[in-house]
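Just below is one structure, and these are the notes that go with it.
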Amino acid sequence: MSAHSESRGTLYLVPTPLDFGVAQAPPVAPSEWLPAETLDTARRLTHWITENAKSTRAFLKRVDALASLAAPLQAQQITELPRAAHKKGDHAPQAEGDAQARELLAPALLRHDIGLVSEAGMPAIADPGSSIVRAAHAMGLRVVPLTGPISLMLALAASGLNGQSFAFVGYVPQDPTERAKRLRELEALALKTGQTQILIETPYRNTALLQALLQTLHPHTRLAVCGALTLPQQVCRSALVQEWKRNPQTLSGELPLDAPCVFLLGR
């Protein structure tokens with residue numbers, strides 16, 4: 001580590017439990033899915049950059065119940081990412097967004113360590129935060145990802161699909177015609193290259209997406225759906241499309257489609 005980086009704070013990427021935003025989900029104790037080092041780091045941080053301040057306060061309350069925070073909750077410095085990062089994402093470099101990220105990281109220049117968090121899971125993966133990480137590197141800050149649940153990787157491991165080559169493609173179009181076109185494109189790529197395609201949807205549209213996948217995909221394409229990961233009601237189902245259609249209630253009846261789900265397709 002250079003003397004330059006030692007004179008500045010560190011940016012920690014802090015994963016959080018996956019139950020935030022899940023209707024009627026009982027709170028998960030952070031110690032169930034976060035190792036001691038992650039919890040200890042979260043406990044001692046006092047500066048945060050977050051997707052949602054309310055969920056971050058709720059997370060810190062859970063941490064505080066296990067071990068006292070370094071500063072009371074009301075004294076924690078919690079700053080939300082710009083609204084544009086929520087609506088459009090911040091994964092693509094953009095002058096305005098990157099300048100705002102540098103401003104949010106200003107406390108690190110005064111040797112304050114900063115935690116970056118999303119509403120659930122790992123920040124900057126299927127969630128905003130990439131602009132903060134880019135800016136941290138540009139400013140010479142040390143960037144440390146901490147261990148915790150990442151729904152995309154958990155779903156991939158449980159799918160039986162290719163874990164050596166895969167792509168996260170985010171959301172597909174809502175319009176039925178455009179959605180079917182996009183799903184066919186992803187299927188063709190998966191079948192040609194063997195690359196698993198991973199996608200997500202807003203929970204209230206999960207049922208519509210599952211129906212579209214079953215209507216659009218080839219019978220011998222493998223489809224996996226993993227919902228409510230790490231929660232008591234979690235379910236993972238993986239089968240050929242023809243098997244999904246043959247046993248629709250057996251395969252999809254128990255899926256918690258009202259909770260966050262990950263959809264994967266391939267061969």
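Note on naming: chains are A, B, ... as they come in the structure tokens, residues start from 1 per chain, ligands start from 1 in the order shown.
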Those of range 94-248 of chain A in DSSP strand (DSSP E), formatted as JSON, numbers by chain: {"A": [114, 115, 116, 117, 142, 143, 144, 145, 166, 167, 168, 169, 170, 196, 197, 198, 199, 200, 222, 223, 224, 225, 226, 227, 235, 236, 237, 238, 239, 240]}
Residues within 8 Å of range 25-31 of chain A, only C-alpha atoms, excluding chain neighbours under 6 positions, as a list of chain:residue names: A:Thr16, A:Pro17, A:Asp19, A:Leu39, A:Arg62, A:Val63, A:Leu231
Selection file, all heavy atoms, as a JSON list (two decimals), in the first residue's frame:
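The result, written out as again-v3.json:
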```
[["chain", "number", "residue", "atom", "x", "y", "z"],
["A", 16, "THR", "N", -25.37, -6.17, 2.08],
["A", 16, "THR", "CA", -26.42, -6.19, 3.10],
["A", 16, "THR", "C", -27.35, -7.37, 2.85],
["A", 16, "THR", "O", -27.37, -7.94, 1.75],
["A", 16, "THR", "CB", -27.23, -4.87, 3.07],
["A", 16, "THR", "OG1", -27.73, -4.66, 1.74],
["A", 16, "THR", "CG2", -26.36, -3.69, 3.46],
["A", 17, "PRO", "N", -28.13, -7.78, 3.85],
["A", 17, "PRO", "CA", -29.06, -8.91, 3.68],
["A", 17, "PRO", "C", -30.03, -8.67, 2.52],
["A", 17, "PRO", "O", -30.32, -7.53, 2.16],
["A", 17, "PRO", "CB", -29.79, -8.97, 5.02],
["A", 17, "PRO", "CG", -28.82, -8.38, 6.00],
["A", 17, "PRO", "CD", -28.13, -7.28, 5.24],
["A", 19, "ASP", "N", -33.24, -9.38, 2.31],
["A", 19, "ASP", "CA", -34.67, -9.36, 2.60],
["A", 19, "ASP", "C", -35.29, -7.97, 2.51],
["A", 19, "ASP", "O", -36.51, -7.82, 2.54],
["A", 19, "ASP", "CB", -34.93, -9.91, 4.01],
["A", 19, "ASP", "CG", -34.25, -9.08, 5.10],
["A", 19, "ASP", "OD1", -33.12, -8.63, 4.86],
["A", 19, "ASP", "OD2", -34.84, -8.90, 6.17],
["A", 39, "LEU", "N", -19.28, -7.47, 9.43],
["A", 39, "LEU", "CA", -20.06, -6.82, 10.47],
["A", 39, "LEU", "C", -19.21, -5.87, 11.30],
["A", 39, "LEU", "O", -19.66, -4.77, 11.66],
["A", 39, "LEU", "CB", -20.69, -7.88, 11.38],
["A", 39, "LEU", "CG", -21.85, -8.67, 10.77],
["A", 39, "LEU", "CD1", -22.23, -9.84, 11.66],
["A", 39, "LEU", "CD2", -23.04, -7.77, 10.52],
["A", 62, "ARG", "N", -29.77, -3.14, 12.76],
["A", 62, "ARG", "CA", -29.54, -4.57, 12.97],
["A", 62, "ARG", "C", -28.11, -4.83, 13.42],
["A", 62, "ARG", "O", -27.86, -5.68, 14.28],
["A", 62, "ARG", "CB", -29.83, -5.34, 11.67],
["A", 62, "ARG", "CG", -31.27, -5.27, 11.21],
["A", 62, "ARG", "CD", -31.48, -6.24, 10.07],
["A", 62, "ARG", "NE", -32.73, -5.98, 9.37],
["A", 62, "ARG", "CZ", -33.19, -6.71, 8.36],
["A", 62, "ARG", "NH1", -32.49, -7.75, 7.94],
["A", 62, "ARG", "NH2", -34.32, -6.41, 7.76],
["A", 63, "VAL", "N", -27.16, -4.12, 12.80],
["A", 63, "VAL", "CA", -25.76, -4.28, 13.20],
["A", 63, "VAL", "C", -25.59, -3.84, 14.65],
["A", 63, "VAL", "O", -24.92, -4.50, 15.45],
["A", 63, "VAL", "CB", -24.84, -3.46, 12.28],
["A", 63, "VAL", "CG1", -23.40, -3.51, 12.77],
["A", 63, "VAL", "CG2", -24.91, -3.99, 10.84],
["A", 231, "LEU", "N", -33.52, -16.27, 2.10],
["A", 231, "LEU", "CA", -34.64, -16.10, 3.02],
["A", 231, "LEU", "C", -35.29, -17.47, 3.30],
["A", 231, "LEU", "O", -35.10, -18.42, 2.53],
["A", 231, "LEU", "CB", -35.67, -15.14, 2.43],
["A", 231, "LEU", "CG", -35.12, -13.77, 2.02],
["A", 231, "LEU", "CD1", -36.24, -12.89, 1.49],
["A", 231, "LEU", "CD2", -34.41, -13.09, 3.19]]
```
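Shortest atom-to-atom contact with Leu116 in chain A among A:Leu45, A:Ala36, A:Ile150, A:Leu257: A:Leu45, counting only C-alpha atoms.
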DSSP-assigned alpha helix (DSSP H) members of range 205-248 of chain A, reported as a PyMOL selection string: chain A and resi 206-216+241-246+248
Residue contacts of Gly194 in chain A (8 Å, only C-alpha atoms) excluding same-chain residues fewer than 5 positions away, as a VMD selection string: chain A and resid 162 165 189 266 to 267
Point-to-point distance in Å for CA of Ala99 in chain A and CA of Ala42 in chain A: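 The value is 25.9 Å.
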Shell around Leu110 in chain A at 9 Å using only C-alpha atoms, local window under 4 positions removed, as a list in words: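 Near Leu110 in chain A, the qualifying residues are Ser7, Arg8, Gly9 and Ala106 of chain A.
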Convert the current residue selection to file output with N, CA and C atoms, as a PDB file, in the first residue's frame.
```pdb
ATOM      1  N   SER A   7      -2.743   7.909   3.572  1.00  0.00           N
ATOM      2  CA  SER A   7      -3.115   9.232   4.083  1.00  0.00           C
ATOM      3  C   SER A   7      -4.567   9.557   3.797  1.00  0.00           C
ATOM      4  N   ARG A   8      -5.288   8.614   3.218  1.00  0.00           N
ATOM      5  CA  ARG A   8      -6.685   8.831   2.867  1.00  0.00           C
ATOM      6  C   ARG A   8      -7.533   7.671   3.403  1.00  0.00           C
ATOM      7  N   GLY A   9      -8.830   7.895   3.419  1.00  0.00           N
ATOM      8  CA  GLY A   9      -9.722   6.846   3.871  1.00  0.00           C
ATOM      9  C   GLY A   9      -9.866   5.736   2.842  1.00  0.00           C
ATOM     10  N   ALA A 106     -15.492  12.983  -0.747  1.00  0.00           N
ATOM     11  CA  ALA A 106     -14.630  14.005  -0.151  1.00  0.00           C
ATOM     12  C   ALA A 106     -14.192  13.668   1.282  1.00  0.00           C
TER      13      ALA A 106
END
```
Selected residue, from A:Cys236, A:Ala208, A:Ala67, A:Leu13, that lies nearest to Ala124 in chain A when counting only C-alpha atoms: A:Leu13
Proximity to Ser131 in chain A - best of A:Leu60, A:Ile49, A:Ile198, A:Val144, only C-alpha atoms: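 Of the candidates, the smallest distance to Ser131 in chain A is held by A:Ile49.
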All residues 12 Å or closer to Thr207 in chain A, only C-alpha atoms, same chain fewer than 2 positions away omitted, as an NGL selection string: :A and (200-205 or 209-214 or 225 or 227 or 252-253 or 255-261 or 263)
